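Enquirer: Provided herewith is a single structure, encoded as structure tokens, for subsequent inquiry.
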Amino acid sequence: MDTSWTLDELAHAGAEHLDPGFVARYETKAGYDRDVLPDVEEDLAELAGLDGTLVDLGAGTGRLAFAAAPRFRRVVAVDVSPAMQEVLRERAAGFPNVECVRAGFLSYEHTGAPADAVCSRNALHQLPDFWKALALERVARILRPGGVLRLRDLVFDFRPEEADEVIARWFDGAAADPTRGYTREDFAEHLRTEHSTFRWLLEPMLEAAGFEIVRTGFRGRIYGAYTCVKR
């Protein structure tokens, strides 16, 4: 297969996620905002009754992967960042059923039985929309029929003409201290350089990839959570 045209996911991962210093502070900074680093129990509740294989795409420092480890026979923590992988591998020492794989949405190659669940939290927005659609189709291939995709990310639940009003409200809730949360400038940098998309673009992508959207939830018209089942 010719891969010369494939997106370089490492180059799109966000420079801060490749910085070991930032990664060391990641949970403290993100934990200020429940939307950025939500309670993993919300996501695990959506996977109730599943206990086979979970693939966590964009696993970051592994907060979800390690919380899920007691509930699943196999957990695969996938992240493209070498700095994130270093943290994952250190933490995985006490979890024999957690595997760490350095890869992205477009390069992860699943082995073994099809996954029962795939989770992705705050990672898909690193990909432009064309690549999101391809990534979601690859996610569907990982899952068994009836498997669950739990997706949480910055997804915009508004029309373009509402952008000024909604973004201004989002900025009003930003942290003042950059060591304790995401600031207005962090939010602005996200909008300028990353690829969060509109809800009315993402949902047809999910459906085209072979998913039925069974549950959605939004906060502040900025953060979306999806539970989807592979048809």
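Identifiers for the structure tokens are assigned positionally: chains receive A, B, ... in sequence, residues are indexed from 1 per chain, and ligands are indexed from 1 in the order shown.
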Which residues are near Trp170 of chain A? Cut-off 9 Å, only C-alpha atoms, ignore same chain within fewer than 2 positions. Put them as a ChimeraX atom specification.
Expert: /A:165-168,172-174,184,187,220-222
Enquirer: I want to know what sits within 12 Å of Asp186 of chain A, based on only C-alpha atoms, with residues of the same chain fewer than 6 positions away left out; could you give that as a PyMOL selection string?
Expert: chain A and resi 14+16+29-30+170-171+174-179+192-194
Enquirer: Can those selected residues be exported to a file as a PDB file, in the first residue's frame so that it contains N, CA and C atoms?
Expert:
ATOM      1  N   GLY A  14       0.103  17.997  18.407  1.00  0.00           N
ATOM      2  CA  GLY A  14       0.210  19.148  19.305  1.00  0.00           C
ATOM      3  C   GLY A  14       1.554  19.117  20.004  1.00  0.00           C
ATOM      4  N   GLU A  16       2.739  20.420  22.574  1.00  0.00           N
ATOM      5  CA  GLU A  16       2.756  20.258  24.025  1.00  0.00           C
ATOM      6  C   GLU A  16       2.664  18.787  24.427  1.00  0.00           C
ATOM      7  N   LYS A  29      -3.102  20.079  35.013  1.00  0.00           N
ATOM      8  CA  LYS A  29      -3.648  21.176  34.206  1.00  0.00           C
ATOM      9  C   LYS A  29      -5.036  20.822  33.679  1.00  0.00           C
ATOM     10  N   ALA A  30      -5.168  19.637  33.107  1.00  0.00           N
ATOM     11  CA  ALA A  30      -6.447  19.250  32.513  1.00  0.00           C
ATOM     12  C   ALA A  30      -7.499  18.961  33.571  1.00  0.00           C
ATOM     13  N   TRP A 170     -17.442  30.382  26.014  1.00  0.00           N
ATOM     14  CA  TRP A 170     -16.413  29.380  26.338  1.00  0.00           C
ATOM     15  C   TRP A 170     -15.182  30.052  26.939  1.00  0.00           C
ATOM     16  N   PHE A 171     -14.756  31.141  26.319  1.00  0.00           N
ATOM     17  CA  PHE A 171     -13.585  31.871  26.807  1.00  0.00           C
ATOM     18  C   PHE A 171     -13.834  32.428  28.205  1.00  0.00           C
ATOM     19  N   ALA A 174     -12.659  30.198  30.974  1.00  0.00           N
ATOM     20  CA  ALA A 174     -11.262  29.748  30.959  1.00  0.00           C
ATOM     21  C   ALA A 174     -10.585  30.006  32.300  1.00  0.00           C
ATOM     22  N   ALA A 175      -9.539  29.248  32.566  1.00  0.00           N
ATOM     23  CA  ALA A 175      -8.758  29.423  33.791  1.00  0.00           C
ATOM     24  C   ALA A 175      -7.873  30.656  33.679  1.00  0.00           C
ATOM     25  N   ALA A 176      -7.635  31.306  34.793  1.00  0.00           N
ATOM     26  CA  ALA A 176      -6.715  32.439  34.827  1.00  0.00           C
ATOM     27  C   ALA A 176      -5.275  31.973  34.997  1.00  0.00           C
ATOM     28  N   ASP A 177      -5.086  30.869  35.716  1.00  0.00           N
ATOM     29  CA  ASP A 177      -3.757  30.351  36.024  1.00  0.00           C
ATOM     30  C   ASP A 177      -3.433  29.203  35.061  1.00  0.00           C
ATOM     31  N   PRO A 178      -2.442  29.363  34.174  1.00  0.00           N
ATOM     32  CA  PRO A 178      -2.149  28.321  33.189  1.00  0.00           C
ATOM     33  C   PRO A 178      -1.623  27.035  33.799  1.00  0.00           C
ATOM     34  N   THR A 179      -1.182  27.062  35.046  1.00  0.00           N
ATOM     35  CA  THR A 179      -0.715  25.833  35.687  1.00  0.00           C
ATOM     36  C   THR A 179      -1.877  25.011  36.234  1.00  0.00           C
ATOM     37  N   ARG A 192      -7.209  27.918  16.462  1.00  0.00           N
ATOM     38  CA  ARG A 192      -6.369  28.289  15.325  1.00  0.00           C
ATOM     39  C   ARG A 192      -5.645  27.104  14.709  1.00  0.00           C
ATOM     40  N   THR A 193      -5.247  26.123  15.524  1.00  0.00           N
ATOM     41  CA  THR A 193      -4.298  25.119  15.047  1.00  0.00           C
ATOM     42  C   THR A 193      -4.819  23.681  15.063  1.00  0.00           C
ATOM     43  N   GLU A 194      -5.932  23.426  15.745  1.00  0.00           N
ATOM     44  CA  GLU A 194      -6.441  22.061  15.801  1.00  0.00           C
ATOM     45  C   GLU A 194      -7.746  21.971  15.017  1.00  0.00           C
TER      46      GLU A 194
END
Enquirer: Tell me which protein, DNA and RNA residues are within 6 Å of segment 149-154 of chain A, counting only C-alpha atoms, leaving out same-chain ones fewer than 4 positions away, and put them as a list in words.
Expert: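 Near neighbours after the sequence-gap exclusion: Ala117, Val118, Cys119, Ser120, Arg121, Asn122, Ser196, Ile222, Tyr223, Gly224, Ala225, Tyr226, Thr227 and Cys228 of chain A.
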Enquirer: Write the residues of the preceding selection, restricted to all heavy atoms, as a tab-separated table (two decimals), in the first residue's frame.
Expert:
chain	number	residue	atom	x	y	z
A	117	ALA	N	-14.78	-2.88	22.67
A	117	ALA	CA	-14.99	-1.45	22.88
A	117	ALA	C	-13.75	-0.69	22.42
A	117	ALA	O	-12.62	-1.17	22.54
A	117	ALA	CB	-15.27	-1.15	24.35
A	118	VAL	N	-14.00	0.50	21.91
A	118	VAL	CA	-12.95	1.48	21.61
A	118	VAL	C	-13.35	2.78	22.30
A	118	VAL	O	-14.51	3.21	22.21
A	118	VAL	CB	-12.78	1.72	20.10
A	118	VAL	CG1	-11.83	2.88	19.85
A	118	VAL	CG2	-12.26	0.46	19.41
A	119	CYS	N	-12.41	3.37	23.00
A	119	CYS	CA	-12.63	4.68	23.62
A	119	CYS	C	-11.64	5.68	23.04
A	119	CYS	O	-10.50	5.33	22.73
A	119	CYS	CB	-12.44	4.62	25.13
A	119	CYS	SG	-13.82	3.87	26.00
A	120	SER	N	-12.09	6.90	22.93
A	120	SER	CA	-11.18	7.98	22.56
A	120	SER	C	-11.66	9.26	23.22
A	120	SER	O	-12.81	9.66	23.05
A	120	SER	CB	-11.14	8.17	21.04
A	120	SER	OG	-10.22	9.19	20.71
A	121	ARG	N	-10.76	9.85	24.00
A	121	ARG	CA	-11.10	11.06	24.75
A	121	ARG	C	-10.15	12.17	24.34
A	121	ARG	O	-8.94	12.10	24.52
A	121	ARG	CB	-10.98	10.79	26.26
A	121	ARG	CG	-12.02	9.83	26.78
A	121	ARG	CD	-11.68	9.14	28.09
A	121	ARG	NE	-11.08	9.93	29.13
A	121	ARG	CZ	-11.67	10.26	30.28
A	121	ARG	NH1	-12.91	9.90	30.51
A	121	ARG	NH2	-11.02	10.93	31.20
A	122	ASN	N	-10.71	13.22	23.75
A	122	ASN	CA	-9.97	14.45	23.45
A	122	ASN	C	-8.75	14.19	22.57
A	122	ASN	O	-7.66	14.72	22.81
A	122	ASN	CB	-9.55	15.14	24.75
A	122	ASN	CG	-10.73	15.48	25.61
A	122	ASN	OD1	-11.81	15.79	25.11
A	122	ASN	ND2	-10.57	15.41	26.92
A	196	SER	N	-11.17	20.66	15.78
A	196	SER	CA	-12.50	20.35	16.28
A	196	SER	C	-13.53	20.68	15.20
A	196	SER	O	-13.39	21.66	14.48
A	196	SER	CB	-12.79	21.16	17.54
A	196	SER	OG	-12.01	20.70	18.61
A	222	ILE	N	-19.81	22.90	23.44
A	222	ILE	CA	-18.41	22.79	23.03
A	222	ILE	C	-17.91	21.36	23.15
A	222	ILE	O	-17.15	20.89	22.31
A	222	ILE	CB	-17.52	23.72	23.89
A	222	ILE	CG1	-17.88	25.19	23.66
A	222	ILE	CG2	-16.04	23.47	23.62
A	222	ILE	CD1	-17.44	25.74	22.32
A	223	TYR	N	-18.32	20.66	24.20
A	223	TYR	CA	-17.80	19.33	24.50
A	223	TYR	C	-18.88	18.29	24.26
A	223	TYR	O	-19.96	18.37	24.84
A	223	TYR	CB	-17.32	19.24	25.95
A	223	TYR	CG	-16.20	20.19	26.28
A	223	TYR	CD1	-16.46	21.42	26.89
A	223	TYR	CD2	-14.88	19.85	26.01
A	223	TYR	CE1	-15.44	22.29	27.19
A	223	TYR	CE2	-13.85	20.72	26.32
A	223	TYR	CZ	-14.13	21.93	26.91
A	223	TYR	OH	-13.12	22.80	27.21
A	224	GLY	N	-18.57	17.30	23.44
A	224	GLY	CA	-19.54	16.27	23.11
A	224	GLY	C	-19.09	14.91	23.59
A	224	GLY	O	-17.89	14.60	23.63
A	225	ALA	N	-20.05	14.07	23.98
A	225	ALA	CA	-19.79	12.69	24.36
A	225	ALA	C	-20.77	11.81	23.59
A	225	ALA	O	-21.97	12.06	23.59
A	225	ALA	CB	-19.97	12.50	25.86
A	226	TYR	N	-20.23	10.78	22.92
A	226	TYR	CA	-21.02	9.90	22.09
A	226	TYR	C	-20.84	8.45	22.52
A	226	TYR	O	-19.71	8.02	22.76
A	226	TYR	CB	-20.59	10.00	20.62
A	226	TYR	CG	-20.99	11.29	19.95
A	226	TYR	CD1	-20.21	12.43	20.07
A	226	TYR	CD2	-22.15	11.36	19.19
A	226	TYR	CE1	-20.57	13.62	19.45
A	226	TYR	CE2	-22.52	12.54	18.56
A	226	TYR	CZ	-21.73	13.67	18.70
A	226	TYR	OH	-22.11	14.82	18.09
A	227	THR	N	-21.93	7.73	22.58
A	227	THR	CA	-21.89	6.28	22.70
A	227	THR	C	-22.49	5.72	21.41
A	227	THR	O	-23.64	6.03	21.08
A	227	THR	CB	-22.68	5.78	23.92
A	227	THR	OG1	-22.12	6.36	25.10
A	227	THR	CG2	-22.61	4.27	24.02
A	228	CYS	N	-21.70	4.93	20.71
A	228	CYS	CA	-22.11	4.41	19.40
A	228	CYS	C	-21.93	2.90	19.37
A	228	CYS	O	-21.02	2.36	20.02
A	228	CYS	CB	-21.25	5.03	18.29
A	228	CYS	SG	-21.17	6.83	18.31
Enquirer: Compare A:Pro96, A:Gly21, A:Gly210, A:Gly62 by their minimum atom-to-atom distance to Ala140 of chain A, counting only C-alpha atoms, and give me the closest one.
Expert: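 Among the listed residues, A:Gly210 lies closest to Ala140 of chain A.
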Enquirer: Taking only C-alpha atoms into account, which of A:Glu189, A:Asp39, A:Asp157, A:Asp129 comes nearest Leu206 of chain A?
Expert: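 Checking each candidate against Leu206 of chain A, we get A:Asp129 as the closest.
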Enquirer: Compare A:Thr53, A:Gly147, A:Arg89, A:Ser81 by their minimum atom-to-atom distance to His110 of chain A, counting only C-alpha atoms, and give me the closest one.
Expert: A:Thr53
Enquirer: Atom CA of Pro70 of chain A to atom CA of Pro145 of chain A: how many Å, to one decimal?
Expert: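 According to the coordinates, atom CA of Pro70 of chain A and atom CA of Pro145 of chain A are separated by 23.4 Å.
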Enquirer: Show which residues sit within 10 Å of Leu88 of chain A, as a PDB file with all heavy atoms, in the first residue's frame. Count only C-alpha atoms, and ignore same-chain residues fewer than 2 positions away.
Expert:
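As written to disk, part-v4.pdb reads:
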ATOM      1  N   ALA A  59      -4.562   7.495  24.226  1.00  0.00           N
ATOM      2  CA  ALA A  59      -4.691   7.162  25.648  1.00  0.00           C
ATOM      3  C   ALA A  59      -4.085   8.200  26.573  1.00  0.00           C
ATOM      4  O   ALA A  59      -4.396   8.221  27.764  1.00  0.00           O
ATOM      5  CB  ALA A  59      -4.053   5.794  25.917  1.00  0.00           C
ATOM      6  N   GLY A  60      -3.202   9.055  26.058  1.00  0.00           N
ATOM      7  CA  GLY A  60      -2.589  10.066  26.915  1.00  0.00           C
ATOM      8  C   GLY A  60      -1.781   9.436  28.026  1.00  0.00           C
ATOM      9  O   GLY A  60      -0.965   8.535  27.796  1.00  0.00           O
ATOM     10  N   THR A  61      -2.032   9.862  29.253  1.00  0.00           N
ATOM     11  CA  THR A  61      -1.310   9.317  30.398  1.00  0.00           C
ATOM     12  C   THR A  61      -1.993   8.075  30.975  1.00  0.00           C
ATOM     13  O   THR A  61      -1.559   7.552  31.996  1.00  0.00           O
ATOM     14  CB  THR A  61      -1.164  10.384  31.493  1.00  0.00           C
ATOM     15  OG1 THR A  61      -2.463  10.891  31.825  1.00  0.00           O
ATOM     16  CG2 THR A  61      -0.272  11.525  31.033  1.00  0.00           C
ATOM     17  N   GLY A  62      -3.063   7.623  30.350  1.00  0.00           N
ATOM     18  CA  GLY A  62      -3.647   6.336  30.713  1.00  0.00           C
ATOM     19  C   GLY A  62      -4.724   6.364  31.775  1.00  0.00           C
ATOM     20  O   GLY A  62      -5.089   5.317  32.311  1.00  0.00           O
ATOM     21  N   ARG A  63      -5.274   7.522  32.048  1.00  0.00           N
ATOM     22  CA  ARG A  63      -6.263   7.612  33.120  1.00  0.00           C
ATOM     23  C   ARG A  63      -7.446   6.671  32.886  1.00  0.00           C
ATOM     24  O   ARG A  63      -7.889   5.968  33.792  1.00  0.00           O
ATOM     25  CB  ARG A  63      -6.734   9.059  33.244  1.00  0.00           C
ATOM     26  CG  ARG A  63      -7.514   9.367  34.506  1.00  0.00           C
ATOM     27  CD  ARG A  63      -7.566  10.869  34.738  1.00  0.00           C
ATOM     28  NE  ARG A  63      -8.316  11.185  35.937  1.00  0.00           N
ATOM     29  CZ  ARG A  63      -9.625  11.482  35.948  1.00  0.00           C
ATOM     30  NH1 ARG A  63     -10.300  11.498  34.821  1.00  0.00           N
ATOM     31  NH2 ARG A  63     -10.242  11.768  37.077  1.00  0.00           N
ATOM     32  N   ALA A  65      -7.468   4.083  30.560  1.00  0.00           N
ATOM     33  CA  ALA A  65      -6.995   2.715  30.320  1.00  0.00           C
ATOM     34  C   ALA A  65      -6.773   1.956  31.621  1.00  0.00           C
ATOM     35  O   ALA A  65      -7.189   0.797  31.758  1.00  0.00           O
ATOM     36  CB  ALA A  65      -5.702   2.750  29.499  1.00  0.00           C
ATOM     37  N   PHE A  66      -6.147   2.600  32.593  1.00  0.00           N
ATOM     38  CA  PHE A  66      -5.843   1.897  33.832  1.00  0.00           C
ATOM     39  C   PHE A  66      -7.079   1.751  34.727  1.00  0.00           C
ATOM     40  O   PHE A  66      -7.201   0.771  35.459  1.00  0.00           O
ATOM     41  CB  PHE A  66      -4.687   2.587  34.556  1.00  0.00           C
ATOM     42  CG  PHE A  66      -3.413   2.547  33.759  1.00  0.00           C
ATOM     43  CD1 PHE A  66      -2.783   3.712  33.355  1.00  0.00           C
ATOM     44  CD2 PHE A  66      -2.863   1.336  33.381  1.00  0.00           C
ATOM     45  CE1 PHE A  66      -1.623   3.660  32.590  1.00  0.00           C
ATOM     46  CE2 PHE A  66      -1.701   1.269  32.631  1.00  0.00           C
ATOM     47  CZ  PHE A  66      -1.079   2.441  32.225  1.00  0.00           C
ATOM     48  N   ALA A  77      -3.488   0.461  25.215  1.00  0.00           N
ATOM     49  CA  ALA A  77      -3.357   1.913  25.369  1.00  0.00           C
ATOM     50  C   ALA A  77      -2.505   2.441  24.216  1.00  0.00           C
ATOM     51  O   ALA A  77      -1.295   2.204  24.158  1.00  0.00           O
ATOM     52  CB  ALA A  77      -2.710   2.243  26.708  1.00  0.00           C
ATOM     53  N   VAL A  78      -3.159   3.140  23.297  1.00  0.00           N
ATOM     54  CA  VAL A  78      -2.522   3.590  22.062  1.00  0.00           C
ATOM     55  C   VAL A  78      -2.329   5.101  22.106  1.00  0.00           C
ATOM     56  O   VAL A  78      -3.287   5.842  22.354  1.00  0.00           O
ATOM     57  CB  VAL A  78      -3.398   3.219  20.841  1.00  0.00           C
ATOM     58  CG1 VAL A  78      -2.715   3.635  19.542  1.00  0.00           C
ATOM     59  CG2 VAL A  78      -3.732   1.730  20.836  1.00  0.00           C
ATOM     60  N   ASP A  79      -1.109   5.546  21.886  1.00  0.00           N
ATOM     61  CA  ASP A  79      -0.862   6.985  21.773  1.00  0.00           C
ATOM     62  C   ASP A  79       0.348   7.199  20.876  1.00  0.00           C
ATOM     63  O   ASP A  79       1.317   6.432  20.928  1.00  0.00           O
ATOM     64  CB  ASP A  79      -0.617   7.634  23.140  1.00  0.00           C
ATOM     65  CG  ASP A  79      -0.923   9.124  23.112  1.00  0.00           C
ATOM     66  OD1 ASP A  79      -0.085   9.884  22.569  1.00  0.00           O
ATOM     67  OD2 ASP A  79      -1.997   9.534  23.580  1.00  0.00           O
ATOM     68  N   PRO A  82       5.694   9.918  21.967  1.00  0.00           N
ATOM     69  CA  PRO A  82       6.688   9.181  22.750  1.00  0.00           C
ATOM     70  C   PRO A  82       6.666   9.563  24.228  1.00  0.00           C
ATOM     71  O   PRO A  82       6.867   8.703  25.094  1.00  0.00           O
ATOM     72  CB  PRO A  82       8.026   9.574  22.094  1.00  0.00           C
ATOM     73  CG  PRO A  82       7.665   9.996  20.706  1.00  0.00           C
ATOM     74  CD  PRO A  82       6.317  10.634  20.831  1.00  0.00           C
ATOM     75  N   ALA A  83       6.407  10.830  24.534  1.00  0.00           N
ATOM     76  CA  ALA A  83       6.370  11.267  25.936  1.00  0.00           C
ATOM     77  C   ALA A  83       5.195  10.644  26.667  1.00  0.00           C
ATOM     78  O   ALA A  83       5.314  10.209  27.825  1.00  0.00           O
ATOM     79  CB  ALA A  83       6.298  12.787  26.010  1.00  0.00           C
ATOM     80  N   MET A  84       4.039  10.586  26.025  1.00  0.00           N
ATOM     81  CA  MET A  84       2.889   9.927  26.635  1.00  0.00           C
ATOM     82  C   MET A  84       3.151   8.432  26.795  1.00  0.00           C
ATOM     83  O   MET A  84       2.811   7.835  27.825  1.00  0.00           O
ATOM     84  CB  MET A  84       1.631  10.142  25.782  1.00  0.00           C
ATOM     85  CG  MET A  84       1.117  11.564  25.740  1.00  0.00           C
ATOM     86  SD  MET A  84       0.452  12.128  27.331  1.00  0.00           S
ATOM     87  CE  MET A  84      -0.351  13.656  26.811  1.00  0.00           C
ATOM     88  N   GLN A  85       3.775   7.822  25.801  1.00  0.00           N
ATOM     89  CA  GLN A  85       4.062   6.394  25.882  1.00  0.00           C
ATOM     90  C   GLN A  85       5.016   6.075  27.032  1.00  0.00           C
ATOM     91  O   GLN A  85       4.881   5.038  27.684  1.00  0.00           O
ATOM     92  CB  GLN A  85       4.647   5.891  24.565  1.00  0.00           C
ATOM     93  CG  GLN A  85       3.610   5.525  23.531  1.00  0.00           C
ATOM     94  CD  GLN A  85       2.778   4.316  23.932  1.00  0.00           C
ATOM     95  OE1 GLN A  85       3.289   3.339  24.468  1.00  0.00           O
ATOM     96  NE2 GLN A  85       1.475   4.388  23.671  1.00  0.00           N
ATOM     97  N   GLU A  86       5.953   6.963  27.295  1.00  0.00           N
ATOM     98  CA  GLU A  86       6.866   6.729  28.411  1.00  0.00           C
ATOM     99  C   GLU A  86       6.101   6.653  29.728  1.00  0.00           C
ATOM    100  O   GLU A  86       6.342   5.772  30.567  1.00  0.00           O
ATOM    101  CB  GLU A  86       7.930   7.832  28.476  1.00  0.00           C
ATOM    102  CG  GLU A  86       8.965   7.603  29.550  1.00  0.00           C
ATOM    103  CD  GLU A  86      10.096   8.621  29.513  1.00  0.00           C
ATOM    104  OE1 GLU A  86      10.186   9.389  28.544  1.00  0.00           O
ATOM    105  OE2 GLU A  86      10.883   8.630  30.483  1.00  0.00           O
ATOM    106  N   GLU A  90       5.517   3.209  32.130  1.00  0.00           N
ATOM    107  CA  GLU A  90       5.866   3.211  33.555  1.00  0.00           C
ATOM    108  C   GLU A  90       4.663   2.762  34.393  1.00  0.00           C
ATOM    109  O   GLU A  90       4.793   1.935  35.300  1.00  0.00           O
ATOM    110  CB  GLU A  90       6.319   4.602  33.989  1.00  0.00           C
ATOM    111  CG  GLU A  90       7.686   5.004  33.460  1.00  0.00           C
ATOM    112  CD  GLU A  90       8.042   6.431  33.829  1.00  0.00           C
ATOM    113  OE1 GLU A  90       7.226   7.097  34.504  1.00  0.00           O
ATOM    114  OE2 GLU A  90       9.129   6.885  33.441  1.00  0.00           O
ATOM    115  N   ARG A  91       3.501   3.298  34.095  1.00  0.00           N
ATOM    116  CA  ARG A  91       2.305   2.975  34.872  1.00  0.00           C
ATOM    117  C   ARG A  91       1.803   1.564  34.606  1.00  0.00           C
ATOM    118  O   ARG A  91       1.158   0.952  35.463  1.00  0.00           O
ATOM    119  CB  ARG A  91       1.204   3.993  34.572  1.00  0.00           C
ATOM    120  CG  ARG A  91       1.548   5.394  35.057  1.00  0.00           C
ATOM    121  CD  ARG A  91       0.414   6.364  34.818  1.00  0.00           C
ATOM    122  NE  ARG A  91       0.710   7.660  35.419  1.00  0.00           N
ATOM    123  CZ  ARG A  91      -0.113   8.703  35.373  1.00  0.00           C
ATOM    124  NH1 ARG A  91      -1.282   8.615  34.744  1.00  0.00           N
ATOM    125  NH2 ARG A  91       0.216   9.851  35.950  1.00  0.00           N
ATOM    126  N   ALA A  92       2.080   1.047  33.412  1.00  0.00           N
ATOM    127  CA  ALA A  92       1.572  -0.280  33.048  1.00  0.00           C
ATOM    128  C   ALA A  92       2.296  -1.401  33.776  1.00  0.00           C
ATOM    129  O   ALA A  92       1.846  -2.560  33.716  1.00  0.00           O
ATOM    130  CB  ALA A  92       1.688  -0.486  31.541  1.00  0.00           C
ATOM    131  N   ALA A  93       3.379  -1.084  34.488  1.00  0.00           N
ATOM    132  CA  ALA A  93       4.153  -2.127  35.171  1.00  0.00           C
ATOM    133  C   ALA A  93       3.286  -2.927  36.140  1.00  0.00           C
ATOM    134  O   ALA A  93       3.519  -4.120  36.352  1.00  0.00           O
ATOM    135  CB  ALA A  93       5.331  -1.497  35.907  1.00  0.00           C
ATOM    136  N   VAL A  98      -2.534  -4.701  30.430  1.00  0.00           N
ATOM    137  CA  VAL A  98      -2.481  -3.459  29.657  1.00  0.00           C
ATOM    138  C   VAL A  98      -1.278  -3.498  28.726  1.00  0.00           C
ATOM    139  O   VAL A  98      -0.136  -3.676  29.168  1.00  0.00           O
ATOM    140  CB  VAL A  98      -2.408  -2.219  30.567  1.00  0.00           C
ATOM    141  CG1 VAL A  98      -2.241  -0.949  29.730  1.00  0.00           C
ATOM    142  CG2 VAL A  98      -3.665  -2.114  31.435  1.00  0.00           C
ATOM    143  N   GLU A  99      -1.539  -3.325  27.432  1.00  0.00           N
ATOM    144  CA  GLU A  99      -0.482  -3.252  26.423  1.00  0.00           C
ATOM    145  C   GLU A  99      -0.359  -1.804  25.953  1.00  0.00           C
ATOM    146  O   GLU A  99      -1.375  -1.129  25.758  1.00  0.00           O
ATOM    147  CB  GLU A  99      -0.825  -4.143  25.227  1.00  0.00           C
ATOM    148  CG  GLU A  99      -1.079  -5.591  25.586  1.00  0.00           C
ATOM    149  CD  GLU A  99      -1.759  -6.344  24.457  1.00  0.00           C
ATOM    150  OE1 GLU A  99      -1.569  -5.958  23.273  1.00  0.00           O
ATOM    151  OE2 GLU A  99      -2.492  -7.303  24.750  1.00  0.00           O
ATOM    152  N   CYS A 100       0.859  -1.344  25.747  1.00  0.00           N
ATOM    153  CA  CYS A 100       1.103   0.021  25.293  1.00  0.00           C
ATOM    154  C   CYS A 100       1.625  -0.015  23.857  1.00  0.00           C
ATOM    155  O   CYS A 100       2.586  -0.735  23.565  1.00  0.00           O
ATOM    156  CB  CYS A 100       2.113   0.718  26.200  1.00  0.00           C
ATOM    157  SG  CYS A 100       1.594   0.796  27.930  1.00  0.00           S
ATOM    158  N   VAL A 101       0.990   0.746  22.986  1.00  0.00           N
ATOM    159  CA  VAL A 101       1.349   0.754  21.568  1.00  0.00           C
ATOM    160  C   VAL A 101       1.504   2.196  21.121  1.00  0.00           C
ATOM    161  O   VAL A 101       0.588   3.010  21.306  1.00  0.00           O
ATOM    162  CB  VAL A 101       0.265   0.055  20.711  1.00  0.00           C
ATOM    163  CG1 VAL A 101       0.625   0.137  19.229  1.00  0.00           C
ATOM    164  CG2 VAL A 101       0.088  -1.396  21.149  1.00  0.00           C
TER     165      VAL A 101
END
Enquirer: Pick out each residue of segment 18-208 of chain A that DSSP on the backbone tags as alpha helix (DSSP H); I need them as JSON, numbers by chain.
Expert: {"A": [20, 21, 22, 23, 24, 25, 26, 27, 28, 29, 30, 31, 40, 41, 42, 43, 44, 45, 63, 64, 65, 66, 67, 68, 82, 83, 84, 85, 86, 87, 88, 89, 90, 91, 129, 130, 131, 132, 133, 134, 135, 136, 137, 138, 139, 140, 141, 142, 163, 164, 165, 166, 167, 168, 169, 170, 171, 172, 184, 185, 186, 187, 188, 189, 190, 191, 192, 193, 199, 200, 201, 202, 203, 204, 205, 206, 207, 208]}
Enquirer: Quick one: DSSP strand (DSSP E or B) residues in segment 100-193 of chain A, as a PyMOL selection string?
Expert: chain A and resi 100-102+115-121+143-156
Enquirer: Generate a file of the selected residues that holds C-alpha atoms, formatted as a CSV table (one decimal), in the first residue's frame.
Expert:
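Output saved as result_38.csv:
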chain,number,residue,atom,x,y,z
A,100,CYS,CA,1.1,0.0,25.3
A,101,VAL,CA,1.3,0.8,21.6
A,102,ARG,CA,2.8,3.9,20.0
A,115,ALA,CA,-12.3,-5.3,20.2
A,116,ASP,CA,-15.5,-5.2,22.3
A,117,ALA,CA,-15.0,-1.5,22.9
A,118,VAL,CA,-13.0,1.5,21.6
A,119,CYS,CA,-12.6,4.7,23.6
A,120,SER,CA,-11.2,8.0,22.6
A,121,ARG,CA,-11.1,11.1,24.7
A,143,LEU,CA,-14.7,-3.6,16.6
A,144,ARG,CA,-16.8,-6.7,16.5
A,145,PRO,CA,-20.4,-6.2,15.4
A,146,GLY,CA,-22.3,-4.8,18.3
A,147,GLY,CA,-19.1,-3.4,19.8
A,148,VAL,CA,-19.2,0.1,21.4
A,149,LEU,CA,-17.4,3.2,20.5
A,150,ARG,CA,-17.2,5.8,23.3
A,151,LEU,CA,-16.1,9.1,21.9
A,152,ARG,CA,-15.6,12.3,23.9
A,153,ASP,CA,-14.1,15.4,22.4
A,154,LEU,CA,-14.4,19.1,21.6
A,155,VAL,CA,-17.3,19.0,19.2
A,156,PHE,CA,-19.2,22.2,18.3
Enquirer: What is the atom CA of Glu203 of chain A-atom CA of Gly217 of chain A distance in Å, reported with one decimal?
Expert: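 Atom CA of Glu203 of chain A sits 12.8 Å away from atom CA of Gly217 of chain A.
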Enquirer: Which neighbours of Leu64 of chain A fall inside 7 Å, counting only C-alpha atoms, when residues of the same chain fewer than 3 positions from it are skipped, and could you give them as a PyMOL selection string?
Expert: chain A and resi 40+67-68
Enquirer: Between A:Leu127, A:Ile213, A:Ala188, A:Met205, which one has atoms that come closest to Leu10 of chain A, using only C-alpha atoms?
Expert: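 The closest residue to Leu10 of chain A is A:Leu127.
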Enquirer: Quick one: everything within 10 Å of Ala11 of chain A, counting only C-alpha atoms, minus sequence neighbours fewer than 6 positions away in the same chain. Send it as a VMD selection string.
Expert: chain A and resid 18 80 to 81 126
